file entry-v1.cif (mmCIF, C-alpha atoms)
data_model
loop_
_atom_site.label_atom_id
_atom_site.label_comp_id
_atom_site.auth_asym_id
_atom_site.auth_seq_id
_atom_site.Cartn_x
_atom_site.Cartn_y
_atom_site.Cartn_z
CA MET N 1 -20.30 3.29 -20.31
CA HIS N 2 -18.48 5.96 -22.30
CA LYS N 3 -16.14 4.88 -25.09
CA GLU N 4 -14.64 8.32 -25.60
CA ILE N 5 -11.40 9.29 -23.87
CA ILE N 6 -11.88 12.27 -21.55
CA HIS N 7 -9.25 14.97 -21.56
CA GLY N 8 -8.61 17.37 -18.70
CA PHE N 9 -10.51 15.42 -16.03
CA SER N 10 -8.13 16.65 -13.33
CA LYS N 11 -8.90 20.26 -14.29
CA LEU N 12 -12.63 19.87 -13.58
CA THR N 13 -14.02 21.13 -10.31
CA GLU N 14 -14.81 18.65 -7.55
CA GLU N 15 -18.53 18.88 -8.36
CA GLU N 16 -17.98 18.48 -12.10
CA LYS N 17 -15.90 15.35 -11.55
CA ARG N 18 -18.51 13.89 -9.24
CA ASN N 19 -21.38 14.61 -11.65
CA PHE N 20 -19.45 13.14 -14.58
CA ILE N 21 -18.75 9.88 -12.72
CA ALA N 22 -22.29 9.72 -11.34
CA MET N 23 -23.57 9.61 -14.93
CA LEU N 24 -21.79 6.25 -15.34
CA CYS N 25 -23.97 4.73 -12.60
CA ASN N 26 -27.42 3.21 -13.02
CA GLU N 27 -29.09 5.93 -10.95
CA SER N 28 -26.96 9.03 -11.45
CA SER N 29 -28.80 11.31 -9.02
CA HIS N 30 -28.70 8.69 -6.26
CA ALA N 31 -25.01 8.00 -6.94
CA GLY N 32 -24.20 11.69 -6.82
CA GLU N 33 -25.91 11.99 -3.44
CA LYS N 34 -23.96 9.00 -2.13
CA PHE N 35 -20.64 10.42 -3.33
CA GLU N 36 -21.47 13.74 -1.69
CA GLY N 37 -22.82 12.17 1.49
CA TYR N 38 -19.60 10.32 2.29
CA LEU N 39 -17.56 13.51 2.38
CA MET N 40 -16.89 15.54 5.53
CA GLU N 41 -19.20 18.46 6.28
CA ASP N 42 -16.49 20.61 7.89
CA GLU N 43 -15.16 22.73 5.02
CA THR N 44 -11.55 22.87 6.26
CA GLU N 45 -11.31 19.14 6.88
CA ARG N 46 -13.07 18.44 3.60
CA SER N 47 -10.65 20.62 1.65
CA GLN N 48 -7.63 18.95 3.29
CA PHE N 49 -9.08 15.51 2.65
CA LEU N 50 -9.76 16.20 -1.03
CA ASP N 51 -6.17 17.36 -1.46
CA LEU N 52 -4.73 14.11 -0.13
CA SER N 53 -5.09 12.43 -3.52
CA GLU N 54 -5.73 13.26 -7.17
CA ASN N 55 -9.24 13.38 -8.69
CA THR N 56 -10.98 12.76 -5.35
CA ILE N 57 -14.77 12.80 -5.60
CA SER N 58 -15.76 11.11 -2.34
CA SER N 59 -14.38 8.95 0.48
CA PHE N 60 -14.50 5.18 0.83
CA HIS N 61 -15.44 4.29 4.38
CA THR N 62 -13.85 1.35 6.17
CA PRO N 63 -15.06 0.21 9.61
CA TYR N 64 -12.95 1.76 12.35
CA GLY N 65 -12.87 -0.46 15.42
CA ILE N 66 -10.93 -0.94 18.62
CA ALA N 67 -8.96 -3.94 19.84
CA PRO N 68 -8.82 -3.33 23.61
CA ASN N 69 -6.29 -4.61 26.12
CA VAL N 70 -3.24 -4.98 23.90
CA MET N 71 -0.47 -5.10 26.51
CA VAL N 72 3.00 -4.25 25.21
CA ASP N 73 5.89 -4.13 27.67
CA GLY N 74 3.51 -3.77 30.57
CA ARG N 75 1.47 -0.92 29.10
CA VAL N 76 -2.12 -1.48 27.97
CA TYR N 77 -3.25 0.01 24.67
CA HIS N 78 -6.72 0.13 23.16
CA VAL N 79 -5.73 -0.08 19.53
CA PRO N 80 -7.63 1.47 16.59
CA MET N 81 -8.04 -0.84 13.59
CA ALA N 82 -9.45 0.08 10.19
CA ILE N 83 -10.59 -3.06 8.38
CA GLU N 84 -13.72 -4.47 6.78
CA GLU N 85 -13.12 -8.15 7.56
CA SER N 86 -15.47 -8.90 10.42
CA SER N 87 -13.43 -11.48 12.30
CA VAL N 88 -10.08 -9.65 12.49
CA VAL N 89 -10.88 -7.13 15.22
CA ALA N 90 -12.73 -9.79 17.22
CA ALA N 91 -9.78 -12.18 16.93
CA ALA N 92 -7.28 -9.49 17.89
CA SER N 93 -9.40 -8.46 20.87
CA HIS N 94 -9.85 -11.99 22.18
CA SER N 95 -6.19 -12.82 21.71
CA ALA N 96 -5.03 -9.53 23.25
CA ARG N 97 -7.06 -10.09 26.41
CA PHE N 98 -5.79 -13.66 26.72
CA TRP N 99 -2.18 -12.51 26.55
CA ALA N 100 -2.72 -9.39 28.70
CA GLU N 101 -3.80 -11.69 31.52
CA ARG N 102 -0.53 -13.60 31.07
CA GLY N 103 1.95 -10.74 30.90
CA GLY N 104 1.23 -9.45 27.41
CA PHE N 105 3.60 -8.97 24.50
CA HIS N 106 7.22 -7.93 24.87
CA VAL N 107 9.40 -6.08 22.38
CA THR N 108 12.77 -7.79 22.45
CA ARG N 109 14.50 -5.92 19.62
CA VAL N 110 13.95 -2.83 17.46
CA THR N 111 16.08 -1.50 14.60
CA THR N 112 15.20 1.59 12.59
CA VAL N 113 17.67 1.89 9.70
CA LYS N 114 16.11 2.72 6.32
CA LEU N 115 17.66 2.45 2.88
CA GLY N 116 17.76 4.39 -0.35
CA HIS N 117 19.71 3.98 -3.59
CA VAL N 118 21.03 5.89 -6.56
CA TYR N 119 21.57 3.58 -9.53
CA PHE N 120 23.97 4.63 -12.26
CA THR N 121 25.97 3.09 -15.07
CA TRP N 122 29.71 3.63 -15.38
CA LEU N 123 30.97 3.23 -18.91
CA GLY N 124 34.61 3.93 -18.16
CA TYR N 125 37.22 1.85 -16.43
CA PRO N 126 35.82 0.34 -13.18
CA GLU N 127 39.08 1.07 -11.37
CA TYR N 128 38.64 4.78 -11.96
CA ILE N 129 35.41 5.16 -10.02
CA TRP N 130 36.82 3.22 -7.07
CA GLU N 131 39.88 5.46 -7.10
CA ARG N 132 37.66 8.56 -7.00
CA TRP N 133 35.19 7.15 -4.50
CA HIS N 134 36.74 8.64 -1.35
CA VAL N 135 36.60 12.14 -2.87
CA LEU N 136 33.10 11.63 -4.30
CA LYS N 137 31.79 10.35 -0.96
CA LEU N 138 33.02 13.42 0.89
CA PHE N 139 31.51 15.64 -1.82
CA LEU N 140 28.09 13.95 -1.58
CA LEU N 141 27.96 13.96 2.23
CA GLU N 142 28.95 17.61 2.36
CA ARG N 143 26.12 18.52 -0.02
CA LEU N 144 23.61 16.53 2.05
CA LYS N 145 24.30 18.55 5.19
CA LYS N 146 21.98 21.32 4.05
CA LEU N 147 19.13 18.81 3.74
CA THR N 148 19.75 16.85 6.91
CA ILE N 149 20.33 19.63 9.43
CA ASN N 150 16.83 19.49 10.95
CA MET N 151 16.77 15.69 11.00
CA VAL N 152 20.15 15.69 12.75
CA ARG N 153 18.79 18.09 15.38
CA ARG N 154 16.02 15.58 16.12
CA GLY N 155 18.57 12.80 16.56
CA GLY N 156 18.47 11.30 13.06
CA GLY N 157 20.34 11.78 9.81
CA ILE N 158 22.72 9.92 7.51
CA LEU N 159 24.23 6.78 9.02
CA SER N 160 26.37 5.61 6.11
CA LEU N 161 26.96 5.95 2.38
CA GLU N 162 28.48 3.12 0.35
CA LEU N 163 29.33 2.42 -3.28
CA ILE N 164 28.26 -1.05 -4.45
CA ASP N 165 29.15 -2.85 -7.66
CA ALA N 166 25.81 -4.06 -9.08
CA ALA N 167 27.13 -5.63 -12.27
CA LYS N 168 25.32 -8.88 -11.43
CA THR N 169 22.07 -6.97 -11.91
CA ALA N 170 23.05 -5.21 -15.14
CA GLU N 171 26.28 -4.60 -17.02
CA ASN N 172 28.30 -1.59 -15.82
CA LEU N 173 25.75 -0.88 -13.06
CA PHE N 174 26.68 0.63 -9.71
CA LYS N 175 24.58 1.87 -6.85
CA LEU N 176 25.04 4.26 -3.98
CA GLU N 177 23.42 2.89 -0.82
CA LEU N 178 22.34 5.45 1.75
CA LYS N 179 21.39 4.32 5.26
CA VAL N 180 19.26 6.77 7.19
CA GLU N 181 17.69 7.25 10.63
CA THR N 182 14.45 9.26 10.40
CA ILE N 183 13.37 9.08 14.09
CA ASN N 184 9.55 9.48 14.30
CA SER N 185 9.03 10.20 10.61
CA MET N 186 8.46 7.41 8.11
CA GLY N 187 10.95 9.43 6.07
CA ALA N 188 10.09 8.59 2.47
CA ASN N 189 10.09 12.20 1.27
CA PHE N 190 13.23 13.01 3.25
CA ILE N 191 15.12 10.02 1.88
CA ASN N 192 14.01 10.60 -1.71
CA THR N 193 15.01 14.27 -1.49
CA CYS N 194 18.49 13.25 -0.31
CA LEU N 195 18.82 10.65 -3.05
CA GLU N 196 17.77 13.00 -5.83
CA ASP N 197 20.26 15.57 -4.56
CA MET N 198 22.95 12.88 -4.71
CA ALA N 199 21.96 12.02 -8.28
CA GLU N 200 22.29 15.65 -9.27
CA ALA N 201 25.62 15.83 -7.47
CA LEU N 202 26.94 12.81 -9.39
CA ASP N 203 26.40 14.59 -12.68
CA LEU N 204 27.98 17.73 -11.31
CA PHE N 205 30.99 15.92 -9.85
CA PHE N 206 31.91 14.13 -13.04
CA ALA N 207 31.10 17.11 -15.24
CA VAL N 208 33.83 19.17 -13.53
CA ASP N 209 36.25 16.27 -13.12
CA ASN N 210 39.18 16.82 -15.48
CA ASP N 211 39.71 13.14 -16.15
CA PRO N 212 38.19 12.13 -19.52
CA GLU N 213 36.58 9.13 -17.87
CA GLY N 214 34.39 11.56 -15.93
CA LYS N 215 31.95 11.77 -18.83
CA LYS N 216 31.05 8.12 -18.55
CA CYS N 217 28.53 8.37 -15.67
CA GLN N 218 24.80 8.05 -16.44
CA VAL N 219 22.29 8.18 -13.58
CA ALA N 220 19.43 5.71 -13.99
CA MET N 221 17.26 6.46 -10.95
CA ALA N 222 17.22 7.59 -7.34
CA ILE N 223 14.66 6.04 -4.97
CA LEU N 224 14.21 4.78 -1.42
CA SER N 225 13.80 1.06 -0.83
CA ASN N 226 10.71 -0.34 0.84
CA TYR N 227 12.76 -3.42 1.66
CA THR N 228 13.81 -2.60 5.22
CA PRO N 229 15.64 -5.61 6.72
CA GLU N 230 17.37 -3.24 9.17
CA CYS N 231 14.15 -1.54 10.25
CA THR N 232 12.48 -4.38 12.14
CA VAL N 233 10.73 -5.15 15.40
CA THR N 234 10.70 -8.45 17.29
CA VAL N 235 7.85 -9.22 19.69
CA GLU N 236 7.23 -12.28 21.86
CA ALA N 237 4.62 -13.68 24.23
CA SER N 238 4.96 -16.77 26.39
CA SER N 239 3.12 -18.76 29.03
CA HIS N 240 3.04 -22.19 30.66
CA ILE N 241 1.07 -24.73 28.66
CA ASP N 242 -1.41 -25.16 31.53
CA HIS N 243 -2.56 -21.58 30.95
CA PHE N 244 -3.87 -22.50 27.49
CA LYS N 245 -6.54 -24.82 28.86
CA PRO N 246 -9.35 -22.19 28.70
CA ILE N 247 -8.87 -21.82 24.93
CA SER N 248 -7.83 -25.33 23.96
CA GLU N 249 -11.41 -26.41 23.11
CA ARG N 250 -11.16 -29.61 25.23
CA LEU N 251 -7.82 -30.62 23.74
CA PRO N 252 -5.35 -31.76 26.41
CA VAL N 253 -2.87 -28.90 26.84
CA GLY N 254 0.02 -31.12 25.75
CA VAL N 255 -1.78 -31.98 22.51
CA PHE N 256 -2.69 -28.31 22.05
CA ALA N 257 0.96 -27.29 22.39
CA ASP N 258 2.14 -30.02 20.00
CA LYS N 259 -0.42 -29.03 17.37
CA MET N 260 0.54 -25.38 17.75
CA MET N 261 4.22 -26.11 17.16
CA LEU N 262 3.40 -28.35 14.20
CA ALA N 263 1.26 -25.61 12.65
CA TYR N 264 4.11 -23.12 12.89
CA GLN N 265 6.59 -25.68 11.55
CA ILE N 266 4.39 -26.23 8.52
CA ALA N 267 4.18 -22.49 7.90
CA LYS N 268 7.96 -22.21 8.16
CA ASN N 269 8.68 -24.87 5.57
CA ASP N 270 5.69 -24.94 3.21
CA PRO N 271 5.31 -21.73 1.13
CA SER N 272 1.69 -22.54 0.23
CA ARG N 273 0.83 -22.44 3.92
CA ALA N 274 3.27 -19.62 4.76
CA VAL N 275 1.50 -17.16 2.45
CA THR N 276 -1.84 -17.60 4.22
CA HIS N 277 -0.12 -17.69 7.61
CA ASN N 278 1.51 -14.32 6.90
CA LYS N 279 -1.71 -12.92 5.48
CA GLY N 280 -3.25 -13.53 8.89
CA ILE N 281 -0.44 -11.52 10.48
CA MET N 282 -0.91 -8.67 8.01
CA ASN N 283 -4.66 -8.60 8.74
CA GLY N 284 -3.78 -7.08 12.10
CA VAL N 285 -0.74 -5.12 10.98
CA ASP N 286 -2.45 -3.43 8.03
CA ALA N 287 -5.53 -2.50 10.06
CA VAL N 288 -3.47 -0.58 12.63
CA LEU N 289 -1.32 1.02 9.95
CA MET N 290 -4.41 2.23 8.11
CA ALA N 291 -5.96 3.61 11.29
CA THR N 292 -2.77 5.54 12.12
CA GLY N 293 -2.23 6.89 8.61
CA ASN N 294 0.79 4.73 7.78
CA ASP N 295 1.70 3.11 4.47
CA TYR N 296 0.38 -0.45 4.68
CA ARG N 297 1.34 -1.18 1.06
CA ALA N 298 5.00 -0.55 1.88
CA ALA N 299 4.67 -2.75 4.97
CA GLU N 300 3.15 -5.56 2.91
CA ALA N 301 5.91 -5.41 0.31
CA ALA N 302 8.64 -5.33 2.95
CA ALA N 303 7.12 -8.16 5.00
CA HIS N 304 6.78 -10.55 2.08
CA ALA N 305 10.27 -9.79 0.79
CA PHE N 306 11.62 -10.35 4.32
CA ALA N 307 9.76 -13.66 4.50
CA ALA N 308 11.68 -14.84 1.42
CA ARG N 309 15.08 -13.44 2.40
CA ASP N 310 16.80 -16.87 2.48
CA GLY N 311 15.50 -17.84 -0.95
CA GLN N 312 12.30 -19.59 0.19
CA TYR N 313 9.12 -17.92 1.32
CA ARG N 314 8.55 -18.67 5.03
CA SER N 315 6.35 -17.66 7.95
CA LEU N 316 7.22 -14.44 9.75
CA SER N 317 6.27 -15.81 13.17
CA TRP N 318 7.39 -18.84 15.14
CA CYS N 319 6.50 -21.02 18.10
CA SER N 320 8.77 -22.90 20.49
CA MET N 321 8.51 -24.74 23.81
CA GLN N 322 10.99 -25.27 26.59
CA ASP N 323 10.23 -26.59 30.09
CA ASP N 324 6.50 -26.50 29.26
CA ILE N 325 6.72 -22.78 28.44
CA LEU N 326 5.14 -22.09 25.05
CA THR N 327 6.57 -19.00 23.32
CA PHE N 328 5.22 -17.23 20.26
CA GLY N 329 7.33 -14.63 18.48
CA MET N 330 7.69 -12.65 15.30
CA THR N 331 10.21 -10.40 13.58
CA ILE N 332 8.74 -8.10 10.98
CA PRO N 333 10.08 -5.12 9.02
CA LEU N 334 8.02 -2.01 9.79
CA ALA N 335 8.84 1.48 8.56
CA VAL N 336 6.29 3.66 10.35
CA GLY N 337 5.89 7.29 11.26
CA THR N 338 4.06 9.20 13.96
CA VAL N 339 4.72 12.68 12.57
CA GLY N 340 4.43 14.13 9.10
CA GLY N 341 2.42 13.09 6.05
CA ILE N 342 -1.14 11.87 6.42
CA THR N 343 -0.68 11.28 10.16
CA ASN N 344 -0.89 15.06 10.56
CA LEU N 345 -3.58 15.67 7.94
CA HIS N 346 -6.18 12.93 8.41
CA PRO N 347 -8.36 13.70 11.47
CA LEU N 348 -8.90 10.04 12.39
CA ALA N 349 -5.22 9.24 11.98
CA ARG N 350 -4.44 12.01 14.47
CA LEU N 351 -7.06 10.72 16.87
CA SER N 352 -5.73 7.18 16.53
CA LEU N 353 -2.30 8.30 17.66
CA GLU N 354 -3.86 10.21 20.54
CA ILE N 355 -5.74 7.07 21.61
CA LEU N 356 -2.38 5.29 21.69
CA GLY N 357 -0.85 8.04 23.81
CA ASN N 358 1.06 9.68 20.94
CA PRO N 359 3.69 6.93 20.71
CA THR N 360 7.14 7.28 19.22
CA ALA N 361 7.81 5.43 15.98
CA LYS N 362 9.57 2.65 17.93
CA GLU N 363 6.64 2.31 20.31
CA LEU N 364 4.19 2.19 17.41
CA MET N 365 6.28 -0.54 15.78
CA GLY N 366 5.84 -2.62 18.93
CA ILE N 367 2.10 -2.00 19.07
CA VAL N 368 1.56 -2.85 15.40
CA ALA N 369 3.65 -6.01 15.59
CA SER N 370 1.87 -7.13 18.77
CA VAL N 371 -1.52 -6.83 17.08
CA GLY N 372 -0.14 -8.80 14.12
CA LEU N 373 1.07 -11.55 16.42
CA ALA N 374 -2.27 -11.49 18.25
CA THR N 375 -4.27 -12.06 15.05
CA ASN N 376 -1.79 -14.74 14.00
CA PHE N 377 -2.12 -16.59 17.31
CA ALA N 378 -5.91 -16.38 17.16
CA ALA N 379 -5.99 -17.80 13.64
CA ILE N 380 -3.69 -20.73 14.42
CA ARG N 381 -5.61 -21.53 17.61
CA SER N 382 -8.82 -21.73 15.58
CA LEU N 383 -7.21 -23.85 12.87
CA ILE N 384 -5.97 -26.53 15.26
CA THR N 385 -9.18 -26.65 17.33
CA THR N 386 -12.60 -25.76 15.90
CA GLY N 387 -11.53 -24.74 12.40
CA ILE N 388 -11.38 -21.24 10.98
CA GLN N 389 -14.92 -21.05 9.63
CA LYS N 390 -16.87 -21.47 12.86
CA GLY N 391 -15.91 -18.13 14.36
CA HIS N 392 -15.47 -16.36 11.05
CA MET N 393 -18.88 -17.23 9.65
CA ARG N 394 -20.68 -16.54 12.93
CA LEU N 395 -19.37 -12.99 12.73
CA HIS N 396 -20.18 -12.93 9.03
CA LEU N 397 -23.81 -13.79 9.82
CA SER N 398 -24.49 -10.15 10.56
CA ASN N 399 -23.25 -9.16 7.10
CA ILE N 400 -25.42 -11.83 5.46
CA LEU N 401 -28.52 -10.65 7.33
CA ASN N 402 -27.77 -7.05 6.35
CA THR N 403 -27.40 -8.07 2.71
CA LEU N 404 -30.81 -9.77 2.87
CA ASN N 405 -32.37 -6.77 4.69
CA VAL N 406 -33.36 -8.85 7.72
CA ASP N 407 -34.10 -7.03 10.96
CA GLY N 408 -36.40 -7.10 13.98
CA THR N 409 -37.68 -10.38 15.42
CA LEU N 410 -36.66 -12.42 12.40
CA ARG N 411 -33.05 -11.26 12.78
CA GLU N 412 -33.04 -12.26 16.46
CA GLU N 413 -34.42 -15.70 15.55
CA ALA N 414 -31.70 -16.17 12.92
CA GLU N 415 -28.93 -15.17 15.30
CA ALA N 416 -30.27 -17.60 17.92
CA TRP N 417 -30.68 -20.43 15.39
CA PHE N 418 -27.10 -20.22 14.12
CA ILE N 419 -25.34 -20.03 17.51
CA ASN N 420 -24.33 -23.69 17.28
CA ARG N 421 -24.84 -24.27 13.55
CA LYS N 422 -22.69 -23.74 10.49
CA VAL N 423 -23.27 -20.42 8.79
CA SER N 424 -23.38 -20.00 5.04
CA PHE N 425 -25.29 -17.71 2.71
CA ASN N 426 -27.45 -20.58 1.45
CA ALA N 427 -28.10 -21.86 4.96
CA VAL N 428 -29.33 -18.42 6.04
CA LYS N 429 -31.55 -18.11 2.97
CA HIS N 430 -33.01 -21.55 3.64
CA PHE N 431 -33.71 -20.64 7.27
CA LEU N 432 -35.46 -17.42 6.25
CA HIS N 433 -37.50 -19.26 3.63
CA GLU N 434 -38.64 -21.85 6.19
CA ARG N 435 -39.64 -19.11 8.62
CA SER N 436 -41.63 -17.21 6.04
CA SER N 437 -43.48 -20.25 4.60
#
call {"tool": "encode", "arguments": {"input": "entry-v1.cif", "output": "structure tokens"}}
result
Amino acid sequence: MHKEIIHGFSKLTEEEKRNFIAMLCNESSHAGEKFEGYLMEDETERSQFLDLSENTISSFHTPYGIAPNVMVDGRVYHVPMAIEESSVVAAASHSARFWAERGGFHVTRVTTVKLGHVYFTWLGYPEYIWERWHVLKLFLLERLKKLTINMVRRGGGILSLELIDAAKTAENLFKLELKVETINSMGANFINTCLEDMAEALDLFFAVDNDPEGKKCQVAMAILSNYTPECTVTVEASSHIDHFKPISERLPVGVFADKMMLAYQIAKNDPSRAVTHNKGIMNGVDAVLMATGNDYRAAEAAAHAFAARDGQYRSLSWCSMQDDILTFGMTIPLAVGTVGGITNLHPLARLSLEILGNPTAKELMGIVASVGLATNFAAIRSLITTGIQKGHMRLHLSNILNTLNVDGTLREEAEAWFINRKVSFNAVKHFLHERSS
């Protein structure tokens, strides 16, 4: 390990960066070959990929799988998922087929409003800025027209602009709240460009204002919000309790339904359970977002903030029963895009969208949320029947055997031995030891 600070790392060539970092590894030549080997061979694609981020020396591969038979509003999708956790794709696939045979998932509501803010302090009389607001608003919206013309042509644009007193956050603080429709674009760059133009316009407006109070405005920052409570999708799936018999693991269907509803009630009211409950939802959501080149970090932040919107952290999904019809549903904030950004630049992201039939942003929201609800349903079903570890560790067996370099006949024997037995790393090692002694 080097103790010296390196200067100008970003100015090194791709090869120089890779060689420098390889020297930090135990076997530098082997590490260098690995870094090189995980990059694309096609020169054009490689160049585009390296430009996606700063100081890129290689790529970090994540398994890219398919969850087939995800039915959303009567249409069947075979959904790409990029995730390393072995049980997630299997759970989504099993759950998706179960629901597809019972009508699938249905999108009941979609909203697509996104937010951005300009924060500024006003050191003059508060009444003055409210008196000037109607003029300032017209001035800001007029300036934005030059930036929004193409978005407006596509059916989007500015929906509203409001001035909000934010003194509860900090003394003398105000914020401009911009609501935007970005159609099939996630819209982060578009929104931030609009906001920064507004921030510049604020300074200009008060610099030319003749009133002496006009010199009291100080812009703090201009940035979109990843909290998107008005950009949400609601999906539901329902079926008669008798239809759950094939997956109830010998539980009477009435008991199965009662345990399901209790599990969701616990997740609604107990934050310690709700966090893990929602993590199971995001297993599916994040995997589809990654595969389609969307920002899963923004989705995570928005989802967890939305889950705590009433002051207590709660589950995002719910379960109810009426007249023996069991319904599962979820509302989740999802700001996604199907054009622009990495969705156009990453070859697998483009292919993922093609696999899905090149959906609109609204359609993709429904697909992503349906996969999230599918993984959530699969997890809760396991929890109230066999327990989460049985299926998870059986799938993890393959990873354990790979770690121990087991193949051939011995691998087949291990897979057969653990079909009806608990899987753990130590149990597998013990089995292999017994077989070899």
call {"tool": "resolve_selection", "arguments": {"input": "entry-v1.cif", "expression": "the PyMOL selection byres ((chain N and resi 301-303) around 8)", "output": "list in words"}}
result
Asn226, Tyr227, Thr228, Pro229, Arg297, Ala298, Ala299, Glu300, His304, Ala305, Phe306, Ala307, Leu316, Ile332, Pro333 and Leu334 of chain N
call {"tool": "resolve_selection", "arguments": {"input": "entry-v1.cif", "expression": "the PyMOL selection byres ((chain N and resi 328) around 9)", "output": "count of residues only"}}
result
15
call {"tool": "resolve_selection", "arguments": {"input": "entry-v1.cif", "expression": "the PyMOL selection byres ((chain N and resi 78-86) around 7)", "output": "VMD selection string"}}
result
chain N and resid 62 to 70 76 to 77 87 to 89 287 to 288 290 to 291 352 356 395 to 396
call {"tool": "residues_around", "arguments": {"input": "entry-v1.cif", "residues": "segment 185-187 of chain N", "least_positions_apart": "6", "cutoff": "10 Å", "atoms": "only C-alpha atoms", "output": "list of chain:residue names"}}
result
N:Thr112, N:Lys114, N:Met151, N:Gly156, N:Thr193, N:Leu224, N:Asn294, N:Asp295, N:Leu334, N:Ala335, N:Val336, N:Gly337, N:Thr338, N:Val339, N:Gly340, N:Gly341, N:Thr343, N:Thr360, N:Ala361
call {"tool": "closest_residue", "arguments": {"input": "entry-v1.cif", "among": "N:Asp42, N:Glu33, N:Asp323, N:Glu412", "to": "Ser239 of chain N", "atoms": "only C-alpha atoms"}}
result
N:Asp323
call {"tool": "closest_residue", "arguments": {"input": "entry-v1.cif", "among": "N:Leu12, N:Met23, N:Ile164, N:Leu159", "to": "Asn55 of chain N", "atoms": "only C-alpha atoms"}}
result
N:Leu12
call {"tool": "residues_around", "arguments": {"input": "entry-v1.cif", "residues": "Thr56 of chain N", "least_positions_apart": "4", "cutoff": "12 Å", "atoms": "only C-alpha atoms", "output": "list in words"}}
result
Phe9, Ser10, Lys11, Leu12, Thr13, Glu14, Glu15, Glu16, Lys17, Arg18, Ile21, Phe35, Glu36, Tyr38, Leu39, Arg46, Ser47, Gln48, Phe49, Leu50, Asp51, Leu52 and Phe60 of chain N
call {"tool": "atom_distance", "arguments": {"input": "entry-v1.cif", "atom1": "atom CA of Pro271 of chain N", "atom2": "atom CA of Gln312 of chain N"}}
result
7.4 Å
call {"tool": "residues_near_point", "arguments": {"input": "entry-v1.cif", "point": "(21.8, 9.5, -5.0)", "cutoff": "12 Å", "atoms": "all atoms listed in the file", "output": "ChimeraX atom specification"}}
result
/N:115-120,136-137,139-141,143-144,161-163,174-179,191-203,218-224
call {"tool": "closest_residue", "arguments": {"input": "entry-v1.cif", "among": "N:Ala31, N:Ile384, N:Ile6, N:Ala166", "to": "Leu251 of chain N", "atoms": "only C-alpha atoms"}}
result
N:Ile384
call {"tool": "closest_residue", "arguments": {"input": "entry-v1.cif", "among": "N:Lys429, N:Glu4, N:His106, N:Arg381", "to": "Pro246 of chain N", "atoms": "all atoms listed in the file"}}
result
N:Arg381
call {"tool": "atom_distance", "arguments": {"input": "entry-v1.cif", "atom1": "atom CA of Ile247 of chain N", "atom2": "atom CA of Glu363 of chain N"}}
result
29.1 Å
call {"tool": "residues_near_point", "arguments": {"input": "entry-v1.cif", "point": "(-4.0, -5.6, 30.9)", "cutoff": "9 Å", "atoms": "all atoms listed in the file", "output": "JSON, numbers by chain"}}
result
{"N": [69, 70, 71, 74, 75, 76, 77, 96, 97, 99, 100, 101, 102, 103, 104]}
call {"tool": "build_atoms", "arguments": {"input": "entry-v1.cif", "residues": "segment 232-243 of chain N", "atoms": "N, CA and C atoms", "output": "PDB file, in the coordinates of the input"}}
result
ATOM      1  N   THR N 232      13.344  -3.282  11.733  1.00  0.00           N
ATOM      2  CA  THR N 232      12.480  -4.380  12.140  1.00  0.00           C
ATOM      3  C   THR N 232      12.149  -4.305  13.622  1.00  0.00           C
ATOM      4  N   VAL N 233      11.111  -5.036  13.990  1.00  0.00           N
ATOM      5  CA  VAL N 233      10.730  -5.150  15.400  1.00  0.00           C
ATOM      6  C   VAL N 233      10.475  -6.629  15.694  1.00  0.00           C
ATOM      7  N   THR N 234      10.933  -7.081  16.834  1.00  0.00           N
ATOM      8  CA  THR N 234      10.700  -8.450  17.290  1.00  0.00           C
ATOM      9  C   THR N 234       9.844  -8.416  18.549  1.00  0.00           C
ATOM     10  N   VAL N 235       8.735  -9.144  18.522  1.00  0.00           N
ATOM     11  CA  VAL N 235       7.850  -9.220  19.690  1.00  0.00           C
ATOM     12  C   VAL N 235       7.657 -10.688  20.071  1.00  0.00           C
ATOM     13  N   GLU N 236       7.434 -10.919  21.366  1.00  0.00           N
ATOM     14  CA  GLU N 236       7.230 -12.280  21.860  1.00  0.00           C
ATOM     15  C   GLU N 236       6.174 -12.282  22.952  1.00  0.00           C
ATOM     16  N   ALA N 237       5.548 -13.440  23.124  1.00  0.00           N
ATOM     17  CA  ALA N 237       4.620 -13.680  24.230  1.00  0.00           C
ATOM     18  C   ALA N 237       4.772 -15.134  24.642  1.00  0.00           C
ATOM     19  N   SER N 238       4.768 -15.396  25.938  1.00  0.00           N
ATOM     20  CA  SER N 238       4.960 -16.770  26.390  1.00  0.00           C
ATOM     21  C   SER N 238       4.172 -17.051  27.652  1.00  0.00           C
ATOM     22  N   SER N 239       3.857 -18.343  27.840  1.00  0.00           N
ATOM     23  CA  SER N 239       3.120 -18.760  29.030  1.00  0.00           C
ATOM     24  C   SER N 239       3.243 -20.269  29.182  1.00  0.00           C
ATOM     25  N   HIS N 240       3.025 -20.754  30.397  1.00  0.00           N
ATOM     26  CA  HIS N 240       3.040 -22.190  30.660  1.00  0.00           C
ATOM     27  C   HIS N 240       1.883 -22.856  29.937  1.00  0.00           C
ATOM     28  N   ILE N 241       2.102 -24.075  29.462  1.00  0.00           N
ATOM     29  CA  ILE N 241       1.070 -24.730  28.660  1.00  0.00           C
ATOM     30  C   ILE N 241      -0.237 -24.919  29.431  1.00  0.00           C
ATOM     31  N   ASP N 242      -0.178 -25.004  30.750  1.00  0.00           N
ATOM     32  CA  ASP N 242      -1.410 -25.160  31.530  1.00  0.00           C
ATOM     33  C   ASP N 242      -2.334 -23.958  31.375  1.00  0.00           C
ATOM     34  N   HIS N 243      -1.764 -22.798  31.070  1.00  0.00           N
ATOM     35  CA  HIS N 243      -2.560 -21.580  30.950  1.00  0.00           C
ATOM     36  C   HIS N 243      -3.369 -21.522  29.659  1.00  0.00           C
TER      37      HIS N 243
END
